[in-house]
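K.L.:
Can you keep this structure in mind? I'll have questions shortly.
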Amino acid sequence: MSLFERLKADAGPQWSDYTRHEFVQQLGAGTLPLSCFKHYLVQDYLFLIQFARAYALGVYKSPSVADMRQSLDGVKAILDDELDLHVEMCRSWGMERDMIEEAPEDTPTMAYTRFVLDAGMAGDLLDLQAALAPCVIGYAEIGARLAAEGCDTDGNPYARWIREYASEGYQELAKGFIAWLDGTAGQTLTEHRYPRVLSIFEKACRLESDFWQMGLNAQD
Ligand SMILES: Cc1ncc(C[n+]2csc(CCO)c2C)c(N)n1
């Protein structure tokens, strides 16, 4: 069993609250109010800027060149690919990049991103990875499930988002992260340490749920 599978099983309720949140269900059904999705996506852009910093911290915390490369790939995936998805979708509603970047960070955005950065600053690479894991792997699970349920049809206004995370490229990235987590765990995880790693993972899942809820609360 991979460390990720073990964490997911032990954080069962937190994982399912996150990956099956009402926001996700409505997004899949195409019934999510656009105001909710817009607020989410602008906040997600601000979130990703901080996440790029967290991956950069991963470069710093890396014990090997191979780990440095993995972290660097995370920085690049955000700066070169994911942010563009956000800018493209925001532009279709008349919002340009500078308008997104000037938007104030909402409290759940600050809570989640600063939690991840702090977990990495205070701990080692494994602590940082445990904080990043729900985000990276959860979106792959959500995208794959919604696509398998046929939610990514052209009639769904959020099909573009679903296709992005269901894509082979993103699924591979998430698999790579699971393997990377196992690699670090093989070097530094002990049974004594496991509860602390689980606690970081669980908190990150709760913060992901709060992030969805922030989007739902933005209904006008
Ligand atoms: C709240 C929130 N959680 C997870 C992701 C997904 N995600 C975060 S970083 C990254 C790039 C690759 O590591 C991806 C896909 C998101 N966008 N927003």
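Residue names in the structure tokens use chain letters A, B, ... in the order shown, residue numbers from 1 in each chain, and ligand numbers from 1 in the order shown.
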Would you name the residues within 6 Å of ligand 1, counting only C-alpha atoms and all ligand atoms, and put them as a short mmCIF file (atom, residue, chain, number, x, y, z; two decimals) with N, CA and C atoms, in the first residue's frame?
P.N.:
data_model
loop_
_atom_site.label_atom_id
_atom_site.label_comp_id
_atom_site.auth_asym_id
_atom_site.auth_seq_id
_atom_site.Cartn_x
_atom_site.Cartn_y
_atom_site.Cartn_z
N ASP A 44 -8.63 30.75 -6.57
CA ASP A 44 -7.73 29.64 -6.88
C ASP A 44 -6.46 30.15 -7.57
N GLY A 74 6.76 20.96 -10.12
CA GLY A 74 5.53 21.50 -9.52
C GLY A 74 5.43 23.00 -9.75
N ALA A 77 4.59 23.41 -13.43
CA ALA A 77 3.22 23.00 -13.78
C ALA A 77 2.25 24.14 -13.46
N ILE A 78 2.51 24.82 -12.35
CA ILE A 78 1.62 25.92 -11.97
C ILE A 78 1.85 27.13 -12.87
N CYS A 135 -4.27 18.28 -2.21
CA CYS A 135 -4.55 19.19 -3.33
C CYS A 135 -4.18 18.54 -4.66
N VAL A 136 -2.97 18.05 -4.76
CA VAL A 136 -2.49 17.52 -6.05
C VAL A 136 -3.27 16.26 -6.42
N TYR A 139 -7.54 16.56 -6.72
CA TYR A 139 -8.08 17.09 -7.97
C TYR A 139 -8.04 16.03 -9.08
N GLU A 208 -9.19 22.18 2.21
CA GLU A 208 -9.74 22.05 0.84
C GLU A 208 -11.26 22.15 0.89
#
K.L.:
Please list as a list in words every residue within 12 Å of Met68 (chain A), counting only C-alpha atoms and excluding residues in the same chain fewer than 4 positions away.
P.N.:
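Contacts, in chain order: Tyr55, Ala56, Leu57, Gly58, Val59, Tyr60, Lys61, Ser62, Pro63, Ser64, Leu72, Asp73, Gly74, Val75, Leu125 and Trp180 of chain A.
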K.L.:
As a VMD selection string, which residues of region 71-203 of chain A does DSSP assign to helix (DSSP H, G or I)?
P.N.:
chain A and resid 71 to 91 97 to 102 107 to 122 125 to 148 159 to 166 168 to 188 194 to 203
K.L.:
Keeping C-alpha atoms, export the residues of the selection given above as a short mmCIF file (atom, residue, chain, number, x, y, z; two decimals), in the first residue's frame.
P.N.:
data_model
loop_
_atom_site.label_atom_id
_atom_site.label_comp_id
_atom_site.auth_asym_id
_atom_site.auth_seq_id
_atom_site.Cartn_x
_atom_site.Cartn_y
_atom_site.Cartn_z
CA SER A 71 9.62 20.25 -6.77
CA LEU A 72 10.73 22.35 -9.70
CA ASP A 73 8.29 20.48 -11.96
CA GLY A 74 5.53 21.50 -9.52
CA VAL A 75 6.54 25.17 -9.79
CA LYS A 76 6.56 24.86 -13.58
CA ALA A 77 3.22 23.00 -13.78
CA ILE A 78 1.62 25.92 -11.97
CA LEU A 79 3.37 28.81 -13.72
CA ASP A 80 3.37 27.34 -17.24
CA ASP A 81 0.05 25.45 -17.35
CA GLU A 82 -2.42 25.77 -14.56
CA LEU A 83 -2.48 29.55 -14.21
CA ASP A 84 -3.20 29.81 -17.94
CA LEU A 85 -6.37 27.76 -17.54
CA HIS A 86 -7.52 30.27 -14.94
CA VAL A 87 -6.63 33.32 -17.01
CA GLU A 88 -8.32 31.82 -20.09
CA MET A 89 -11.56 31.11 -18.22
CA CYS A 90 -11.55 34.50 -16.45
CA ARG A 91 -10.99 36.27 -19.77
CA ARG A 97 -4.89 38.91 -15.44
CA ASP A 98 -4.19 42.16 -13.56
CA MET A 99 -7.78 42.23 -12.24
CA ILE A 100 -7.35 38.71 -10.87
CA GLU A 101 -4.00 39.49 -9.32
CA GLU A 102 -5.40 42.59 -7.62
CA THR A 107 -9.73 34.12 4.47
CA PRO A 108 -9.93 30.42 3.43
CA THR A 109 -7.33 31.12 0.72
CA MET A 110 -4.98 32.62 3.27
CA ALA A 111 -5.65 29.85 5.79
CA TYR A 112 -4.92 27.03 3.39
CA THR A 113 -1.87 28.46 1.64
CA ARG A 114 -0.19 29.72 4.78
CA PHE A 115 -0.84 26.38 6.48
CA VAL A 116 0.96 24.56 3.66
CA LEU A 117 3.87 27.01 3.68
CA ASP A 118 4.19 26.73 7.46
CA ALA A 119 4.06 22.92 7.44
CA GLY A 120 6.96 22.99 5.00
CA MET A 121 8.92 25.72 6.79
CA ALA A 122 8.62 24.08 10.21
CA LEU A 125 10.15 17.59 2.73
CA LEU A 126 7.79 14.83 3.91
CA ASP A 127 5.76 17.30 6.01
CA LEU A 128 5.51 19.62 3.03
CA GLN A 129 4.45 16.77 0.74
CA ALA A 130 1.78 15.64 3.23
CA ALA A 131 0.35 19.18 3.13
CA LEU A 132 0.45 19.30 -0.69
CA ALA A 133 -0.89 15.77 -1.30
CA PRO A 134 -4.65 16.34 -0.87
CA CYS A 135 -4.55 19.19 -3.33
CA VAL A 136 -2.49 17.52 -6.05
CA ILE A 137 -4.03 14.04 -5.80
CA GLY A 138 -7.56 15.08 -4.80
CA TYR A 139 -8.08 17.09 -7.97
CA ALA A 140 -6.97 14.11 -10.08
CA GLU A 141 -9.49 11.88 -8.29
CA ILE A 142 -12.28 14.44 -8.67
CA GLY A 143 -11.51 15.08 -12.36
CA ALA A 144 -11.35 11.35 -13.18
CA ARG A 145 -14.58 10.60 -11.33
CA LEU A 146 -16.55 13.43 -12.93
CA ALA A 147 -15.27 12.47 -16.40
CA ALA A 148 -16.14 8.80 -15.79
CA ALA A 159 -16.50 20.89 -18.85
CA ARG A 160 -13.21 22.67 -19.56
CA TRP A 161 -12.27 22.50 -15.87
CA ILE A 162 -13.22 18.81 -15.59
CA ARG A 163 -11.28 17.89 -18.75
CA GLU A 164 -8.18 19.64 -17.47
CA TYR A 165 -8.00 17.53 -14.29
CA ALA A 166 -9.22 14.34 -15.99
CA GLU A 168 -3.84 12.13 -19.07
CA GLY A 169 -1.21 14.79 -18.41
CA TYR A 170 -2.71 15.71 -15.05
CA GLN A 171 -3.43 12.10 -14.08
CA GLU A 172 0.23 11.27 -14.74
CA LEU A 173 1.38 14.24 -12.67
CA ALA A 174 -0.71 13.00 -9.73
CA LYS A 175 0.68 9.44 -10.09
CA GLY A 176 4.17 10.92 -10.12
CA PHE A 177 3.38 12.75 -6.89
CA ILE A 178 2.19 9.52 -5.21
CA ALA A 179 5.45 7.81 -6.18
CA TRP A 180 7.51 10.80 -5.02
CA LEU A 181 5.73 10.76 -1.65
CA ASP A 182 6.58 7.05 -1.30
CA GLY A 183 10.20 7.77 -2.14
CA THR A 184 10.50 10.37 0.63
CA ALA A 185 8.58 8.19 3.09
CA GLY A 186 10.98 5.32 2.41
CA GLN A 187 13.79 7.53 3.64
CA THR A 188 12.24 9.38 6.55
CA TYR A 194 3.17 8.66 11.11
CA PRO A 195 0.43 10.30 13.29
CA ARG A 196 2.01 13.72 12.76
CA VAL A 197 2.12 13.23 9.00
CA LEU A 198 -1.52 12.06 9.06
CA SER A 199 -2.50 15.12 11.06
CA ILE A 200 -1.00 17.44 8.41
CA PHE A 201 -2.80 15.49 5.65
CA GLU A 202 -6.15 15.66 7.50
CA LYS A 203 -5.86 19.40 8.09
#
K.L.:
Do a neighbour search on Arg206 (chain A) at 8 Å with only C-alpha atoms, toss out local chain neighbours closer than 6 positions, and write the hits as a PyMOL selection string.
P.N.:
chain A and resi 14+17-18
K.L.:
Provide the CA of Gly215 (chain A) to CA of Tyr40 (chain A) distance in Å, to one decimal place.
P.N.:
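Taking CA of Gly215 (chain A) and CA of Tyr40 (chain A), their separation equals 4.7 Å.
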K.L.:
When you draw a straight line from CA of Ile49 (chain A) to CA of Cys151 (chain A), how long is it in Å?
P.N.:
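Separating CA of Ile49 (chain A) from CA of Cys151 (chain A) is a distance of 28.3 Å.
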K.L.:
Just the number, please: distance in Å from CA of Val42 (chain A) to CA of Glu96 (chain A), one decimal.
P.N.:
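Computing it gives 10.7 Å between the two atoms.
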K.L.:
Residues at most 10 Å from Pro157 (chain A), counting only C-alpha atoms, excluding those fewer than 2 positions away in the same chain, as a list in words?
P.N.:
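These residues fall inside the cut-off: Leu27, Gly28, Ala29, Gly30, Thr31, Leu32, Leu34, Asp152, Thr153, Asp154, Gly155, Ala159, Arg160, Trp161 and Ile162 of chain A.
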K.L.:
Emit the selected residues as a tab-separated table (two decimals), in the first residue's frame, including C-alpha atoms.
P.N.:
chain	number	residue	atom	x	y	z
A	27	LEU	CA	-19.93	21.51	-10.72
A	28	GLY	CA	-20.28	17.97	-12.10
A	29	ALA	CA	-24.01	18.41	-12.65
A	30	GLY	CA	-23.41	21.80	-14.31
A	31	THR	CA	-25.83	23.44	-11.85
A	32	LEU	CA	-23.24	25.39	-9.84
A	34	LEU	CA	-21.55	30.99	-12.08
A	152	ASP	CA	-17.57	16.68	-19.09
A	153	THR	CA	-20.08	16.96	-21.93
A	154	ASP	CA	-20.26	20.17	-23.96
A	155	GLY	CA	-23.53	21.08	-22.24
A	159	ALA	CA	-16.50	20.89	-18.85
A	160	ARG	CA	-13.21	22.67	-19.56
A	161	TRP	CA	-12.27	22.50	-15.87
A	162	ILE	CA	-13.22	18.81	-15.59
